[in-house]
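Enquirer: Data file coords.txt (compact mmCIF, C-alpha atoms (C1' of nucleotides)) is appended below.
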# COMPACT_ATOMS: atom_id res chain seq x y z
CA MET O 30 -2.32 -0.30 -32.97
CA GLU O 31 -5.90 0.74 -33.30
CA THR O 32 -7.08 -2.79 -33.96
CA THR O 33 -5.20 -4.09 -30.97
CA THR O 34 -6.73 -1.46 -28.73
CA ALA O 35 -10.16 -2.25 -30.09
CA ARG O 36 -9.69 -5.95 -29.41
CA ASP O 37 -8.47 -5.28 -25.89
CA THR O 38 -11.51 -3.20 -25.10
CA ASP O 39 -13.73 -5.87 -26.59
CA LEU O 40 -12.21 -8.63 -24.53
CA ALA O 41 -12.25 -6.67 -21.28
CA SER O 42 -15.79 -5.55 -21.97
CA ALA O 43 -16.87 -9.11 -22.75
CA LEU O 44 -15.34 -10.31 -19.50
CA VAL O 45 -17.10 -7.64 -17.49
CA GLN O 46 -20.43 -8.38 -19.09
CA THR O 47 -19.91 -12.10 -18.55
CA MET O 48 -19.16 -11.41 -14.90
CA HIS O 49 -22.42 -9.55 -14.47
CA ARG O 50 -24.34 -12.22 -16.34
CA LEU O 51 -22.88 -14.96 -14.19
CA GLN O 52 -23.60 -12.97 -11.03
CA ASP O 53 -27.25 -12.95 -12.06
CA VAL O 54 -27.17 -16.66 -12.79
CA HIS O 55 -25.54 -17.31 -9.45
CA ALA O 56 -28.18 -15.28 -7.63
CA GLU O 57 -31.02 -16.93 -9.52
CA THR O 58 -29.83 -20.43 -8.75
CA SER O 59 -29.07 -19.72 -5.08
CA ARG O 60 -32.32 -18.01 -4.24
CA PRO O 61 -34.67 -20.98 -4.73
CA LEU O 62 -32.47 -22.87 -2.25
CA GLY O 63 -32.93 -20.14 0.36
CA LEU O 64 -29.35 -18.96 0.02
CA THR O 65 -27.76 -15.67 -0.87
CA PRO O 66 -24.96 -15.92 -3.47
CA GLN O 67 -22.42 -15.30 -0.72
CA GLN O 68 -23.82 -18.06 1.44
CA ALA O 69 -23.80 -20.46 -1.50
CA HIS O 70 -20.19 -19.52 -2.20
CA LEU O 71 -19.21 -20.18 1.39
CA LEU O 72 -20.93 -23.55 1.51
CA CYS O 73 -19.38 -24.63 -1.80
CA VAL O 74 -15.89 -23.71 -0.62
CA LEU O 75 -16.40 -25.92 2.43
CA ILE O 76 -17.23 -28.98 0.32
CA ALA O 77 -13.51 -29.60 0.02
CA GLY O 78 -13.22 -29.76 3.82
CA PRO O 79 -13.36 -27.70 7.02
CA LEU O 80 -11.49 -24.40 7.18
CA GLY O 81 -10.52 -21.90 9.85
CA MET O 82 -12.06 -18.44 9.89
CA THR O 83 -8.94 -16.65 8.70
CA GLU O 84 -8.33 -19.04 5.83
CA LEU O 85 -11.99 -18.88 4.84
CA SER O 86 -11.99 -15.08 4.84
CA ARG O 87 -8.92 -15.12 2.61
CA ILE O 88 -10.52 -17.51 0.12
CA LEU O 89 -13.77 -15.56 0.03
CA SER O 90 -11.96 -12.21 -0.07
CA ILE O 91 -13.96 -10.76 2.80
CA GLU O 92 -12.98 -9.43 6.20
CA ARG O 93 -13.09 -11.81 9.13
CA SER O 94 -15.61 -9.55 10.85
CA SER O 95 -18.00 -10.01 7.92
CA LEU O 96 -17.45 -13.73 8.01
CA THR O 97 -18.35 -14.04 11.69
CA SER O 98 -21.92 -12.91 11.16
CA MET O 99 -22.28 -14.99 8.00
CA VAL O 100 -21.20 -18.11 9.87
CA ASP O 101 -23.53 -17.13 12.74
CA ARG O 102 -26.50 -17.13 10.38
CA LEU O 103 -25.52 -20.41 8.73
CA GLU O 104 -24.86 -22.05 12.08
CA ARG O 105 -28.28 -20.93 13.31
CA ARG O 106 -29.75 -22.83 10.37
CA THR O 107 -27.56 -25.85 11.21
CA LEU O 108 -25.84 -25.75 7.83
CA VAL O 109 -22.35 -25.41 9.34
CA THR O 110 -20.79 -25.99 12.75
CA ARG O 111 -17.89 -24.39 14.58
CA ILE O 112 -15.47 -27.06 15.69
CA PRO O 113 -12.91 -25.89 18.29
CA SER O 114 -9.36 -26.67 17.28
CA PRO O 115 -7.73 -29.29 19.50
CA THR O 116 -4.31 -27.65 19.23
CA ASP O 117 -5.23 -23.96 19.48
CA ARG O 118 -7.93 -22.89 21.87
CA ARG O 119 -8.42 -19.59 20.03
CA ALA O 120 -9.11 -21.16 16.65
CA CYS O 121 -12.07 -23.04 15.27
CA GLN O 122 -12.81 -24.94 12.10
CA ILE O 123 -15.97 -24.34 10.10
CA GLU O 124 -17.45 -27.58 8.87
CA LEU O 125 -20.52 -28.44 6.85
CA THR O 126 -23.25 -30.40 8.57
CA PRO O 127 -24.80 -33.26 6.54
CA GLU O 128 -27.66 -30.88 5.77
CA GLY O 129 -25.20 -28.18 4.72
CA LEU O 130 -23.23 -30.56 2.55
CA SER O 131 -26.36 -31.65 0.75
CA LEU O 132 -27.39 -28.04 0.16
CA ALA O 133 -23.89 -27.14 -0.98
CA HIS O 134 -24.01 -29.88 -3.59
CA ASP O 135 -27.42 -28.71 -4.72
CA ALA O 136 -26.18 -25.15 -5.08
CA HIS O 137 -23.07 -26.26 -6.93
CA ASN O 138 -24.94 -28.51 -9.32
CA ALA O 139 -27.58 -25.88 -9.98
CA VAL O 140 -25.11 -23.24 -11.05
CA VAL O 141 -22.97 -25.66 -13.06
CA ASP O 142 -26.03 -26.93 -14.88
CA ARG O 143 -27.20 -23.43 -15.69
CA ILE O 144 -23.78 -22.44 -16.99
CA ASN O 145 -23.50 -25.60 -19.05
CA THR O 146 -26.74 -24.77 -20.81
CA LEU O 147 -25.37 -21.30 -21.52
CA THR O 148 -22.22 -22.72 -23.09
CA ALA O 149 -23.87 -25.71 -24.74
CA ASN O 150 -23.67 -24.20 -28.20
CA LEU O 151 -19.92 -23.74 -28.20
CA PRO O 152 -17.86 -26.27 -30.16
CA ALA O 153 -15.61 -28.57 -28.14
CA SER O 154 -12.40 -26.95 -29.33
CA THR O 155 -13.61 -23.53 -28.28
CA ARG O 156 -14.68 -24.88 -24.89
CA GLN O 157 -11.21 -26.24 -24.40
CA THR O 158 -9.53 -22.99 -25.40
CA LEU O 159 -11.90 -21.05 -23.18
CA ALA O 160 -11.30 -23.21 -20.13
CA THR O 161 -7.53 -23.06 -20.54
CA ALA O 162 -7.48 -19.32 -21.11
CA LEU O 163 -9.68 -18.60 -18.11
CA GLN O 164 -7.54 -20.84 -15.93
CA SER O 165 -4.53 -18.73 -16.82
CA ILE O 166 -6.37 -15.56 -15.85
CA ILE O 167 -7.31 -16.79 -12.40
CA MET C 21 -18.63 -39.35 -22.39
CA GLU C 22 -16.46 -39.16 -19.37
CA THR C 23 -14.06 -36.78 -21.02
CA THR C 24 -16.89 -34.58 -22.20
CA THR C 25 -18.35 -34.43 -18.72
CA ALA C 26 -14.97 -33.61 -17.28
CA ARG C 27 -14.51 -30.79 -19.78
CA ASP C 28 -17.94 -29.41 -19.02
CA THR C 29 -17.25 -29.28 -15.33
CA ASP C 30 -13.89 -27.67 -15.98
CA LEU C 31 -15.35 -24.95 -18.16
CA ALA C 32 -18.20 -24.16 -15.79
CA SER C 33 -15.83 -24.18 -12.86
CA ALA C 34 -13.40 -21.91 -14.67
CA LEU C 35 -16.21 -19.49 -15.46
CA VAL C 36 -17.36 -19.41 -11.84
CA GLN C 37 -13.85 -18.83 -10.57
CA THR C 38 -13.30 -16.12 -13.16
CA MET C 39 -16.51 -14.45 -12.04
CA HIS C 40 -15.31 -14.34 -8.43
CA ARG C 41 -11.90 -13.10 -9.47
CA LEU C 42 -13.40 -10.33 -11.56
CA GLN C 43 -15.75 -9.38 -8.75
CA ASP C 44 -12.71 -8.84 -6.57
CA VAL C 45 -11.01 -6.82 -9.29
CA HIS C 46 -14.14 -4.75 -9.74
CA ALA C 47 -14.36 -4.07 -6.02
CA GLU C 48 -10.68 -3.22 -5.76
CA THR C 49 -10.80 -0.74 -8.61
CA SER C 50 -14.04 0.90 -7.46
CA ARG C 51 -13.11 1.36 -3.83
CA PRO C 52 -10.26 3.88 -4.32
CA LEU C 53 -12.73 6.04 -6.23
CA GLY C 54 -15.12 6.04 -3.30
CA LEU C 55 -17.60 3.79 -5.08
CA THR C 56 -19.11 0.41 -4.35
CA PRO C 57 -19.04 -2.02 -7.29
CA GLN C 58 -22.78 -1.54 -7.72
CA GLN C 59 -22.43 2.23 -7.82
CA ALA C 60 -19.63 1.97 -10.36
CA HIS C 61 -21.78 -0.32 -12.47
CA LEU C 62 -24.67 2.13 -12.36
CA LEU C 63 -22.50 5.09 -13.35
CA CYS C 64 -20.89 3.15 -16.20
CA VAL C 65 -24.26 2.12 -17.60
CA LEU C 66 -25.29 5.78 -17.66
CA ILE C 67 -22.29 6.78 -19.77
CA ALA C 68 -24.29 5.77 -22.84
CA GLY C 69 -27.01 8.24 -21.88
CA PRO C 70 -29.80 8.95 -19.37
CA LEU C 71 -32.23 6.19 -18.46
CA GLY C 72 -35.51 5.89 -16.59
CA MET C 73 -35.71 4.07 -13.29
CA THR C 74 -37.46 1.00 -14.64
CA GLU C 75 -35.11 0.59 -17.58
CA LEU C 76 -32.13 1.06 -15.30
CA SER C 77 -33.38 -1.53 -12.82
CA ARG C 78 -33.86 -3.98 -15.69
CA ILE C 79 -30.32 -3.43 -16.99
CA LEU C 80 -28.79 -3.73 -13.53
CA SER C 81 -31.03 -6.67 -12.62
CA ILE C 82 -32.13 -5.12 -9.35
CA GLU C 83 -35.51 -4.15 -7.96
CA ARG C 84 -36.64 -0.57 -8.36
CA SER C 85 -36.86 -0.25 -4.61
CA SER C 86 -33.15 -1.02 -4.38
CA LEU C 87 -32.44 1.43 -7.16
CA THR C 88 -34.30 4.28 -5.48
CA SER C 89 -31.96 4.36 -2.50
CA MET C 90 -28.91 3.89 -4.70
CA VAL C 91 -29.88 6.87 -6.82
CA ASP C 92 -30.66 8.84 -3.66
CA ARG C 93 -27.12 8.31 -2.39
CA LEU C 94 -25.53 9.15 -5.75
CA GLU C 95 -27.70 12.22 -6.17
CA ARG C 96 -26.71 13.42 -2.69
CA ARG C 97 -23.12 13.28 -3.89
CA THR C 98 -24.09 15.15 -7.07
CA LEU C 99 -22.93 12.31 -9.29
CA VAL C 100 -26.31 11.90 -10.95
CA THR C 101 -29.45 13.99 -11.26
CA ARG C 102 -33.10 13.12 -11.62
CA ILE C 103 -34.47 14.92 -14.63
CA PRO C 104 -38.27 15.03 -14.80
CA SER C 105 -39.54 13.85 -18.12
CA PRO C 106 -41.17 16.66 -20.14
CA THR C 107 -43.73 14.30 -21.64
CA ASP C 108 -44.52 12.14 -18.62
CA ARG C 109 -44.77 13.84 -15.28
CA ARG C 110 -44.44 10.53 -13.41
CA ALA C 111 -41.23 9.51 -14.97
CA CYS C 112 -37.76 10.82 -14.53
CA GLN C 113 -34.49 10.23 -16.30
CA ILE C 114 -31.31 9.53 -14.40
CA GLU C 115 -28.44 11.44 -15.90
CA LEU C 116 -24.78 11.74 -15.01
CA THR C 117 -23.56 15.11 -13.83
CA PRO C 118 -20.23 16.26 -15.29
CA GLU C 119 -18.64 15.10 -12.05
CA GLY C 120 -20.40 11.76 -12.33
CA LEU C 121 -19.39 11.33 -15.95
CA SER C 122 -15.78 11.93 -15.10
CA LEU C 123 -15.93 9.43 -12.26
CA ALA C 124 -17.72 6.91 -14.46
CA HIS C 125 -14.92 7.13 -17.02
CA ASP C 126 -12.33 6.73 -14.29
CA ALA C 127 -14.09 3.64 -12.95
CA HIS C 128 -14.47 2.17 -16.42
CA ASN C 129 -10.86 2.78 -17.38
CA ALA C 130 -9.59 1.43 -14.07
CA VAL C 131 -11.34 -1.89 -14.42
CA VAL C 132 -10.55 -2.26 -18.12
CA ASP C 133 -6.89 -1.55 -17.44
CA ARG C 134 -6.76 -4.08 -14.63
CA ILE C 135 -8.41 -6.75 -16.76
CA ASN C 136 -6.12 -6.04 -19.67
CA THR C 137 -3.10 -6.66 -17.48
CA LEU C 138 -4.68 -9.93 -16.40
CA THR C 139 -5.16 -11.04 -19.98
CA ALA C 140 -1.96 -9.54 -21.34
CA ASN C 141 -0.21 -12.89 -21.61
CA LEU C 142 -2.79 -14.45 -23.88
CA PRO C 143 -1.92 -14.69 -27.59
CA ALA C 144 -3.99 -12.58 -29.96
CA SER C 145 -5.78 -15.52 -31.50
CA THR C 146 -6.88 -16.77 -28.09
CA ARG C 147 -8.04 -13.29 -27.16
CA GLN C 148 -10.18 -13.21 -30.26
CA THR C 149 -11.65 -16.65 -29.61
CA LEU C 150 -12.30 -15.71 -26.00
CA ALA C 151 -14.05 -12.47 -26.84
CA THR C 152 -16.26 -14.11 -29.46
CA ALA C 153 -17.14 -17.06 -27.23
CA LEU C 154 -18.04 -14.83 -24.28
CA GLN C 155 -20.15 -12.61 -26.51
CA SER C 156 -22.21 -15.64 -27.48
CA ILE C 157 -22.73 -16.53 -23.83
CA ILE C 158 -24.10 -13.15 -22.85
C1' DT S 1 -65.35 9.45 -17.68
C1' DC S 2 -63.37 6.12 -15.26
C1' DT S 3 -60.79 2.25 -14.74
C1' DA S 4 -56.71 -0.67 -15.78
C1' DA S 5 -51.94 -0.54 -16.36
C1' DC S 6 -47.88 1.65 -15.57
C1' DT S 7 -44.27 4.41 -12.99
C1' DA S 8 -42.05 6.09 -9.05
C1' DG S 9 -41.35 6.16 -4.40
C1' DT S 10 -41.90 4.43 0.78
C1' DT S 11 -41.45 1.29 4.53
C1' DG S 12 -39.72 -2.60 6.90
C1' DT S 13 -36.63 -6.38 7.22
C1' DA S 14 -32.56 -9.06 6.40
C1' DG S 15 -28.06 -9.56 4.80
C1' DC S 16 -23.33 -7.91 3.34
C1' DA S 17 -19.07 -5.44 4.17
C1' DC S 18 -15.77 -2.69 6.34
C1' DG S 19 -12.80 -0.60 10.14
C1' DA S 20 -11.68 -0.09 14.89
C1' DA S 21 -11.54 -1.98 19.23
C1' DT S 22 -11.54 -6.02 22.30
C1' DC S 23 -10.38 -10.50 24.41
C1' DA S 24 -8.01 -14.73 24.91
C1' DT S 25 -4.38 -17.47 23.50
C1' DT S 26 0.05 -18.52 21.64
C1' DC S 27 4.74 -17.67 20.54
C1' DG S 28 9.25 -15.71 20.89
C1' DA S 29 12.96 -13.30 22.81
C1' DA S 30 15.33 -11.27 26.68
C1' DT W 13 10.46 -17.72 32.95
C1' DT W 14 8.17 -14.08 31.96
C1' DC W 15 6.64 -10.22 29.40
C1' DG W 16 5.56 -8.18 25.00
C1' DA W 17 4.21 -8.99 20.26
C1' DA W 18 1.51 -11.58 17.14
C1' DT W 19 -2.51 -14.33 16.05
C1' DG W 20 -7.56 -16.01 15.86
C1' DA W 21 -11.88 -14.74 16.47
C1' DT W 22 -15.44 -11.71 17.95
C1' DT W 23 -18.14 -7.32 18.96
C1' DC W 24 -19.70 -2.78 17.79
C1' DG W 25 -21.01 0.94 14.80
C1' DT W 26 -21.91 2.53 10.26
C1' DG W 27 -23.31 2.39 5.60
C1' DC W 28 -24.73 -0.10 1.48
C1' DT W 29 -27.50 -3.72 -1.00
C1' DA W 30 -31.66 -6.20 -1.91
C1' DC W 31 -36.19 -7.74 -1.64
C1' DA W 32 -41.38 -7.76 -0.85
C1' DA W 33 -45.42 -5.38 0.10
C1' DC W 34 -47.52 -1.19 -0.19
C1' DT W 35 -48.95 3.82 -1.43
C1' DA W 36 -49.80 7.27 -4.66
C1' DG W 37 -49.83 9.62 -8.89
C1' DT W 38 -50.38 9.47 -14.12
C1' DT W 39 -51.63 8.00 -18.55
C1' DA W 40 -54.22 5.80 -22.00
C1' DG W 41 -57.89 3.25 -23.53
C1' DA W 42 -62.68 1.27 -23.12
As a first step, turn the structure in this file into structure tokens.
Expert:
Amino acid sequence: METTTARDTDLASALVQTMHRLQDVHAETSRPLGLTPQQAHLLCVLIAGPLGMTELSRILSIERSSLTSMVDRLERRTLVTRIPSPTDRRACQIELTPEGLSLAHDAHNAVVDRINTLTANLPASTRQTLATALQSII
Amino acid sequence: METTTARDTDLASALVQTMHRLQDVHAETSRPLGLTPQQAHLLCVLIAGPLGMTELSRILSIERSSLTSMVDRLERRTLVTRIPSPTDRRACQIELTPEGLSLAHDAHNAVVDRINTLTANLPASTRQTLATALQSII
DNA sequence: TCTAACTAGTTGTAGCACGAATCATTCGAA
DNA sequence: TTCGAATGATTCGTGCTACAACTAGTTAGA
């Protein structure tokens, strides 16, 4: 029982520390691009395609009221655009501009590259186990 | 080569998604205690013992100017205290009050419990591999 | 002694995040 | 068909986070 408890604490602790480490990495890779981590996250989510405000707020786990001002700032920089929905005059879709798409790819590649260098020393089998295990957590 | 590249992207992507998921968990467990995730992090770091401002800012990866106002707010709530150093009249040590220590433990336990439920389905061997691999990343 | 390096704090600005309230639109049921 | 409820987005007010540039005090070493 004691060993199990110890292992649990170790794993949870390792996950928390990893989270903080990756937050730092995320911030460090976003900043040189002139983006906050939250802005980079938003842009990367939109790579897959335009989304409505409500859906976007759900994916990002933030309130819609927070999202409004974030989109305002990004729209001011012409990184995204609000496209009115043809079927619902209340709704709008948030879409990346070409400039925003390019920046989103840059941000995505930067963080993936950084993380790959962090995990470069792990053997292939461990990488596989890790990826599968993390997928199941999400 | 293609398979290796695919695996790399998968692992990095899984790590990023895990980070966001854990950020949400961290926020959700801190909030009921009246703490922001950053405040919870600060309190938990101090469980190990008092720290100076510079050391604390290094551990939390934030600027000292950000830390000053954070400590101000926590000190106002009597969760931490600034203890002037006996040997160095410039410096001060940030220490948890009994109330702060209790809250720090609550915050720590809450997040560890939540993460343990998330990882409860993983077999012991995977847990071990995971913990070791993540340790090497940090 | 006196200066260079260090430590802490201050100020100003921008961004993040939430809740409550608001407005327009859409949908559904009487 | 029409009125009330639900939905999508925004606005407002408040508090927290984060940074850069700056001030001021302290210590240690030349």
Enquirer: For range 39-53 of chain O, what centre and edge lengths in Å (one decimal) does the axis-aligned box get once 8 Å is added on each side of all its listed atoms, as AutoDock Vina command-line options?
Expert:
--center_x -19.7 --center_y -10.3 --center_z -18.8 --size_x 31.0 --size_y 25.4 --size_z 31.6
Enquirer: Select residues of chain C: the criterion is any atom within 8 Å of an atom of chain O, counting only C-alpha atoms; output as a VMD selection string.
Expert: chain C and resid 27 to 39 41 to 44 81 132 135 to 136 138 to 139 142 146 to 151 153 to 155 157 to 158
Enquirer: Using all atoms listed in the file for the distances, tell me which of C:Val91, C:Gln113, C:Gly120, C:Glu83 is nearest to chain W.
Expert: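 The closest residue to chain W is C:Glu83.
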Enquirer: Please identify all polymer residues lying at most 12 Å from the point (-29.7, -0.1, -1.2) (file coordinates), using only C-alpha atoms (C1' of nucleotides), and present the result as number ranges by chain.
Expert: C: 56, 58-59, 82-94; S: 15-16; W: 27-31
Enquirer: Under the rule that all atoms listed in the file are counted, which of O:Met82, O:Glu128, O:Thr116, O:Ala139 is the nearest residue to DA21 in chain W?
Expert: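 Residue with the minimum atom-to-atom distance to DA21 in chain W: O:Met82.
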Enquirer: Report the distance between CA of Pro127 in chain O and CA of Pro113 in chain O in Å, rounded to one decimal place.
Expert: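 Answer for the CA of Pro127 in chain O to CA of Pro113 in chain O separation: 18.3 Å.
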Enquirer: Between C1' of DT3 in chain S and C1' of DC34 in chain W, what distance in Å does the model show, to one decimal?
Expert: 20.0 Å
Enquirer: Show which residues sit within 8 Å of Ala136 in chain O, as JSON, numbers by chain. Count all atoms listed in the file, and ignore same-chain residues fewer than 6 positions away.
Expert: {"O": [58, 59, 62, 69, 73]}
Enquirer: For a quick test of understanding: name the residues of chain S lying within 9 Å of chain O when counting only C-alpha atoms (C1' of nucleotides), and present them as number ranges by chain.
Expert: S: 15-18, 24-26
Enquirer: Rank O:Thr126, O:Ser131, O:Ser114, O:Thr107 by their smallest atom-to-atom distance to chain W, using only C-alpha atoms (C1' of nucleotides), and report the top residue only.
Expert: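 With only C-alpha atoms (C1' of nucleotides) as the atom set, the closest residue is O:Ser114.
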Enquirer: May I ask for the distance between C1' of DA29 in chain S and C1' of DT14 in chain W, given in Å to one decimal place?
Expert: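 Here the two named atoms are 10.4 Å from each other.
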Enquirer: Looking at W:DA32, W:DA40, W:DG20, W:DT26, which one is nearest to chain O, with distances taken over only C-alpha atoms (C1' of nucleotides)?
Expert: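 The shortest atom-to-atom distance to chain O comes from W:DG20.
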Enquirer: Which of these, O:Cys121, O:Ile88, O:Val54, O:Ala77, has the shortest distance to chain W once you count all atoms listed in the file?
Expert: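 Among the listed residues, O:Cys121 lies closest to chain W.
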Enquirer: For DA30 in chain S, list every protein, DNA or RNA residue within 12 Å, evaluated using all atoms listed in the file, and leave out those in the same chain fewer than 4 positions away; present the list as a PyMOL selection string.
Expert: chain W and resi 13-16
